[in-house]
file structure_35.pdb (PDB, C-alpha atoms and all ligand atoms)
ATOM      1  CA  MET Z   1     -12.983  -9.629 -10.638
ATOM      2  CA  GLY Z   2     -15.524  -7.398 -12.244
ATOM      3  CA  SER Z   3     -13.649  -4.115 -11.937
ATOM      4  CA  GLN Z   4     -10.374  -2.525 -10.938
ATOM      5  CA  SER Z   5     -12.304  -1.207  -7.931
ATOM      6  CA  ASP Z   6     -12.722  -4.818  -6.703
ATOM      7  CA  TRP Z   7      -8.973  -5.390  -6.470
ATOM      8  CA  SER Z   8      -8.566  -3.933  -2.973
ATOM      9  CA  THR Z   9     -10.967  -6.664  -1.781
ATOM     10  CA  MET Z  10      -9.831  -9.469  -4.053
ATOM     11  CA  ARG Z  11      -6.201  -8.805  -3.165
ATOM     12  CA  CYS Z  12      -7.013 -10.627   0.109
ATOM     13  CA  ALA Z  13      -7.517 -13.836  -1.893
ATOM     14  CA  ALA Z  14      -4.294 -13.197  -3.780
ATOM     15  CA  ASP Z  15      -2.419 -12.516  -0.533
ATOM     16  CA  VAL Z  16      -3.388 -15.821   1.053
ATOM     17  CA  LEU Z  17      -2.606 -17.707  -2.166
ATOM     18  CA  ASP Z  18       0.824 -16.049  -2.124
ATOM     19  CA  GLU Z  19       1.311 -17.135   1.499
ATOM     20  CA  LEU Z  20       0.452 -20.719   0.537
ATOM     21  CA  GLY Z  21       2.585 -20.756  -2.602
ATOM     22  CA  VAL Z  22      -0.370 -21.227  -4.957
ATOM     23  CA  SER Z  23       0.009 -19.711  -8.421
ATOM     24  CA  TYR Z  24      -2.865 -17.743  -9.866
ATOM     25  CA  SER Z  25      -3.840 -15.248 -12.514
ATOM     26  CA  ALA Z  26      -5.674 -12.102 -11.386
ATOM     27  CA  ARG Z  27      -7.853 -10.655 -14.144
ATOM     28  CA  ILE Z  28     -10.575  -8.078 -14.662
ATOM     29  CA  VAL Z  29     -13.527  -9.683 -16.448
ATOM     30  CA  SER Z  30     -16.789  -7.759 -16.279
ATOM     31  CA  ALA Z  31     -20.056  -9.551 -16.943
ATOM     32  CA  HIS Z  32     -21.605  -6.292 -18.122
ATOM     33  CA  ARG Z  33     -18.779  -4.186 -19.535
ATOM     34  CA  THR Z  34     -16.692  -6.927 -21.181
ATOM     35  CA  PRO Z  35     -19.114  -9.780 -21.934
ATOM     36  CA  ASP Z  36     -16.983 -11.125 -24.792
ATOM     37  CA  ARG Z  37     -14.008 -11.384 -22.418
ATOM     38  CA  LEU Z  38     -16.240 -13.173 -19.919
ATOM     39  CA  PHE Z  39     -17.344 -15.751 -22.496
ATOM     40  CA  ALA Z  40     -13.822 -16.279 -23.799
ATOM     41  CA  PHE Z  41     -12.464 -16.753 -20.279
ATOM     42  CA  GLY Z  42     -15.251 -19.011 -19.058
ATOM     43  CA  LYS Z  43     -15.267 -21.239 -22.127
ATOM     44  CA  SER Z  44     -11.511 -21.786 -22.189
ATOM     45  CA  ALA Z  45     -10.698 -21.754 -18.450
ATOM     46  CA  HIS Z  46     -10.451 -25.538 -18.137
ATOM     47  CA  ALA Z  47      -8.488 -25.979 -21.369
ATOM     48  CA  ASP Z  48      -6.207 -23.140 -20.294
ATOM     49  CA  GLY Z  49      -5.259 -25.093 -17.171
ATOM     50  CA  PHE Z  50      -7.226 -23.325 -14.484
ATOM     51  CA  LYS Z  51      -8.426 -25.598 -11.667
ATOM     52  CA  VAL Z  52     -10.575 -23.255  -9.552
ATOM     53  CA  VAL Z  53     -12.074 -19.843 -10.300
ATOM     54  CA  ILE Z  54     -12.544 -17.183  -7.625
ATOM     55  CA  ALA Z  55     -14.938 -14.562  -8.981
ATOM     56  CA  GLY Z  56     -15.494 -11.338  -7.052
ATOM     57  CA  ALA Z  57     -18.006  -8.698  -8.070
ATOM     58  CA  GLY Z  58     -20.236  -6.080  -6.529
ATOM     59  CA  GLY Z  59     -23.716  -4.667  -6.998
ATOM     60  CA  ALA Z  60     -25.508  -6.580  -9.751
ATOM     61  CA  ALA Z  61     -22.843  -9.243  -9.344
ATOM     62  CA  HIS Z  62     -23.464 -11.585 -12.258
ATOM     63  CA  LEU Z  63     -19.840 -12.540 -12.830
ATOM     64  CA  PRO Z  64     -19.577 -15.644 -10.600
ATOM     65  CA  GLY Z  65     -22.842 -17.148 -11.841
ATOM     66  CA  MET Z  66     -22.009 -16.507 -15.486
ATOM     67  CA  ILE Z  67     -18.562 -18.064 -15.090
ATOM     68  CA  ALA Z  68     -20.264 -21.065 -13.446
ATOM     69  CA  ALA Z  69     -22.606 -21.265 -16.433
ATOM     70  CA  LEU Z  70     -19.649 -21.452 -18.806
ATOM     71  CA  THR Z  71     -17.329 -23.915 -17.044
ATOM     72  CA  HIS Z  72     -17.574 -27.029 -14.899
ATOM     73  CA  LEU Z  73     -14.612 -25.856 -12.791
ATOM     74  CA  PRO Z  74     -15.416 -25.002  -9.165
ATOM     75  CA  VAL Z  75     -16.405 -21.323  -8.933
ATOM     76  CA  LEU Z  76     -16.148 -19.440  -5.643
ATOM     77  CA  GLY Z  77     -18.078 -16.172  -5.595
ATOM     78  CA  VAL Z  78     -17.051 -13.233  -3.456
ATOM     79  CA  PRO Z  79     -19.683 -10.515  -2.925
ATOM     80  CA  VAL Z  80     -17.754  -7.243  -3.014
ATOM     81  CA  LYS Z  81     -19.065  -4.544  -0.686
ATOM     82  CA  SER Z  82     -21.053  -2.011  -2.709
ATOM     83  CA  LYS Z  83     -21.486   1.679  -1.893
ATOM     84  CA  ALA Z  84     -25.266   1.710  -2.092
ATOM     85  CA  LEU Z  85     -26.208  -1.462  -0.196
ATOM     86  CA  LYS Z  86     -22.969  -2.494   1.540
ATOM     87  CA  GLY Z  87     -22.717  -5.713  -0.460
ATOM     88  CA  LEU Z  88     -26.102  -7.169   0.399
ATOM     89  CA  ASP Z  89     -27.001  -6.697  -3.273
ATOM     90  CA  SER Z  90     -23.782  -8.466  -4.289
ATOM     91  CA  LEU Z  91     -24.471 -11.344  -1.904
ATOM     92  CA  LEU Z  92     -28.018 -11.880  -3.109
ATOM     93  CA  SER Z  93     -26.902 -11.624  -6.740
ATOM     94  CA  ILE Z  94     -24.413 -14.455  -6.234
ATOM     95  CA  VAL Z  95     -25.960 -16.825  -3.716
ATOM     96  CA  GLN Z  96     -29.307 -17.840  -5.154
ATOM     97  CA  MET Z  97     -28.196 -19.867  -8.165
ATOM     98  CA  PRO Z  98     -30.593 -22.285  -9.858
ATOM     99  CA  ALA Z  99     -30.038 -25.995  -9.215
ATOM    100  CA  GLY Z 100     -27.501 -27.393 -11.653
ATOM    101  CA  VAL Z 101     -25.242 -24.348 -11.872
ATOM    102  CA  PRO Z 102     -23.404 -24.266  -8.523
ATOM    103  CA  THR Z 103     -21.533 -21.206  -7.302
ATOM    104  CA  GLY Z 104     -19.935 -21.335  -3.877
ATOM    105  CA  THR Z 105     -20.736 -18.091  -2.093
ATOM    106  CA  LEU Z 106     -18.448 -16.527   0.494
ATOM    107  CA  ALA Z 107     -18.945 -13.725   2.994
ATOM    108  CA  ILE Z 108     -19.199 -10.099   1.881
ATOM    109  CA  GLY Z 109     -15.918  -8.262   1.390
ATOM    110  CA  GLU Z 110     -12.381  -8.984   2.536
ATOM    111  CA  PRO Z 111     -13.178 -11.959   4.840
ATOM    112  CA  GLY Z 112     -14.943 -13.624   1.934
ATOM    113  CA  ALA Z 113     -12.008 -13.011  -0.389
ATOM    114  CA  THR Z 114      -9.536 -14.429   2.141
ATOM    115  CA  ASN Z 115     -11.714 -17.485   2.663
ATOM    116  CA  ALA Z 116     -12.153 -17.943  -1.082
ATOM    117  CA  GLY Z 117      -8.371 -18.141  -1.357
ATOM    118  CA  LEU Z 118      -8.241 -20.664   1.474
ATOM    119  CA  LEU Z 119     -11.046 -22.761  -0.013
ATOM    120  CA  ALA Z 120      -9.390 -22.737  -3.421
ATOM    121  CA  ALA Z 121      -6.169 -23.898  -1.774
ATOM    122  CA  ALA Z 122      -8.060 -26.627   0.086
ATOM    123  CA  ILE Z 123      -9.565 -27.868  -3.190
ATOM    124  CA  LEU Z 124      -6.157 -27.900  -4.870
ATOM    125  CA  ALA Z 125      -4.609 -29.574  -1.817
ATOM    126  CA  LEU Z 126      -6.776 -32.655  -2.407
ATOM    127  CA  SER Z 127      -4.375 -33.610  -5.183
ATOM    128  CA  ASP Z 128      -1.226 -31.866  -3.929
ATOM    129  CA  ALA Z 129       0.359 -33.329  -0.786
ATOM    130  CA  ASP Z 130       2.894 -30.494  -0.408
ATOM    131  CA  LEU Z 131       0.177 -27.860  -0.570
ATOM    132  CA  SER Z 132      -1.850 -29.888   1.914
ATOM    133  CA  GLN Z 133       1.062 -29.686   4.371
ATOM    134  CA  ARG Z 134       1.441 -25.935   3.805
ATOM    135  CA  LEU Z 135      -2.270 -25.414   4.351
ATOM    136  CA  LYS Z 136      -2.203 -27.413   7.584
ATOM    137  CA  ALA Z 137       0.798 -25.407   8.778
ATOM    138  CA  TRP Z 138      -0.943 -22.130   7.853
ATOM    139  CA  ARG Z 139      -3.992 -23.126   9.864
ATOM    140  CA  ALA Z 140      -1.942 -24.305  12.832
ATOM    141  CA  ASP Z 141      -0.091 -20.994  12.812
ATOM    142  CA  ARG Z 142      -3.384 -19.078  12.926
ATOM    143  CA  THR Z 143      -4.655 -21.273  15.750
ATOM    144  CA  GLY Z 144      -1.419 -20.765  17.656
ATOM    145  CA  SER Z 145      -1.745 -16.993  17.360
ATOM    146  CA  VAL Z 146      -5.010 -16.868  19.368
ATOM    147  CA  ALA Z 147      -4.349 -15.860  22.971
ATOM    148  CA  GLU Z 148      -6.223 -17.710  25.698
ATOM    149  CA  VAL Z 149      -6.810 -14.537  27.721
ATOM    150  CA  PRO Z 150      -7.253 -10.983  26.465
ATOM    151  CA  GLU Z 151      -4.485  -8.447  26.907
ATOM    152  CA  GLY Z 152      -4.869  -5.117  28.653
TER     153      GLY Z 152
HETATM  154  C1  LIG Z 201     -19.337  -4.452 -10.591
HETATM  155  O1  LIG Z 201     -19.700  -3.132 -10.330
HETATM  156  C2  LIG Z 201     -17.922  -4.584 -10.149
HETATM  157  O2  LIG Z 201     -17.656  -5.898  -9.758
HETATM  158  C3  LIG Z 201     -17.784  -3.593  -9.037
HETATM  159  O3  LIG Z 201     -17.862  -4.214  -7.751
HETATM  160  C4  LIG Z 201     -18.978  -2.672  -9.220
HETATM  161  C5  LIG Z 201     -18.568  -1.233  -9.420
HETATM  162  O4  LIG Z 201     -17.652  -1.155 -10.492
HETATM  163  P1  LIG Z 201     -16.938   0.220 -10.847
HETATM  164  O5  LIG Z 201     -18.021   1.170 -11.209
HETATM  165  O6  LIG Z 201     -16.174   0.646  -9.625
HETATM  166  O7  LIG Z 201     -16.028  -0.114 -11.998
HETATM  167  O8  LIG Z 201     -19.478  -4.763 -11.927
END
call {"tool": "encode", "arguments": {"input": "structure_35.pdb", "output": "structure tokens", "more": "lines below"}}
Ligand code: RP5
result
Amino acid sequence: MGSQSDWSTMRCAADVLDELGVSYSARIVSAHRTPDRLFAFGKSAHADGFKVVIAGAGGAAHLPGMIAALTHLPVLGVPVKSKALKGLDSLLSIVQMPAGVPTGTLAIGEPGATNAGLLAAAILALSDADLSQRLKAWRADRTGSVAEVPEG
């Protein structure tokens, strides 16, 4: 994520990865404030053993696109809700990537972070049968929790 202030949103991705038993590393890497850290992370992510990158940032949210420019790993971008424009700026900063440098773009804020975690798990589950079972069970549990008629 681009800032400590993004963690309350990005924690939703971490939470669902915890629920699914997927290991991860949560880091602050700012495209603007720590560009050297960004380049070091992006260039070595594959060699360091990462399989998927979830990048959350707000405002002028260049982090996901820059990570995607530096690695061929799948990059899932989460537009963090900004104070000034409620995350519309973040969304537009992430979504409109040029052809050839793909960045998956999720919904603004916590739903996007949760879904980024689920999508990352789904990607990893393609080559992990146990995780695939856990993901199916997680989804079935969510489906089972939806009442057919409203209460009250
Ligand atoms: C972005 O600027 C971060 O991703 C964050 O969403 C936003 C605000 O950062 P702080 O000023 O709270 O550190 O780079």
call {"tool": "atom_distance", "arguments": {"input": "structure_35.pdb", "atom1": "CA of Met97 in chain Z", "atom2": "CA of Arg37 in chain Z"}}
result
21.8 Å
call {"tool": "residues_near_ligand", "arguments": {"input": "structure_35.pdb", "ligand": "ligand LIG 201 (chain Z)", "cutoff": "12 Å", "atoms": "all atoms listed in the file", "output": "PyMOL selection string"}}
result
chain Z and resi 1-10+27-35+55-64+77-91+93-94+108-109
call {"tool": "closest_residue", "arguments": {"input": "structure_35.pdb", "among": "Z:Gly117, Z:Gly42, Z:Ala122, Z:Val95", "to": "Tyr24 in chain Z", "atoms": "all atoms listed in the file"}}
result
Z:Gly117
call {"tool": "atom_distance", "arguments": {"input": "structure_35.pdb", "atom1": "CA of Thr103 in chain Z", "atom2": "CA of Leu76 in chain Z"}}
result
5.9 Å
call {"tool": "residues_around", "arguments": {"input": "structure_35.pdb", "residues": "Gly100 in chain Z", "least_positions_apart": "6", "cutoff": "12 Å", "atoms": "all atoms listed in the file", "output": "list in words"}}
result
Gly65, Ala68, Ala69 and His72 of chain Z
call {"tool": "atom_distance", "arguments": {"input": "structure_35.pdb", "atom1": "CA of Ala121 in chain Z", "atom2": "CA of Ala13 in chain Z"}}
result
10.2 Å
call {"tool": "resolve_selection", "arguments": {"input": "structure_35.pdb", "expression": "the PyMOL selection byres (((chain Z and resi 44-48) around 12) and not hetatm)", "output": "PyMOL selection string"}}
result
chain Z and resi 25+37-43+49-54+67-68+70-75
call {"tool": "closest_residue", "arguments": {"input": "structure_35.pdb", "among": "Z:Leu92, Z:Asp141, Z:Leu126, Z:Asp15", "to": "Glu110 in chain Z", "atoms": "only C-alpha atoms"}}
result
Z:Asp15
call {"tool": "residues_around", "arguments": {"input": "structure_35.pdb", "residues": "Leu131 in chain Z", "least_positions_apart": "2", "cutoff": "9 Å", "atoms": "all atoms listed in the file", "output": "list in words"}}
result
Leu20, Gly21, Val22, Ala121, Ala122, Leu124, Ala125, Leu126, Ser127, Asp128, Ala129, Gln133, Arg134, Leu135 and Lys136 of chain Z
call {"tool": "closest_residue", "arguments": {"input": "structure_35.pdb", "among": "Z:Ala107, Z:Ala116, Z:Asp36, Z:Met66", "to": "Leu17 in chain Z", "atoms": "all atoms listed in the file"}}
result
Z:Ala116
call {"tool": "closest_residue", "arguments": {"input": "structure_35.pdb", "among": "Z:Val146, Z:Trp138, Z:Ala26, Z:Gly104", "to": "Leu118 in chain Z", "atoms": "all atoms listed in the file"}}
result
Z:Trp138
call {"tool": "closest_residue", "arguments": {"input": "structure_35.pdb", "among": "Z:Val101, Z:Ala137, Z:Ile123, Z:Ala113", "to": "Glu19 in chain Z", "atoms": "all atoms listed in the file"}}
result
Z:Ala137
call {"tool": "axis_aligned_box", "arguments": {"input": "structure_35.pdb", "around": "range 15-33 of chain Z", "padding_each_side": "8 Å", "output": "lines of an AutoDock Vina configuration file"}}
result
center_x = -9.5
center_y = -12.7
center_z = -9.0
size_x = 40.2
size_y = 33.0
size_z = 37.0
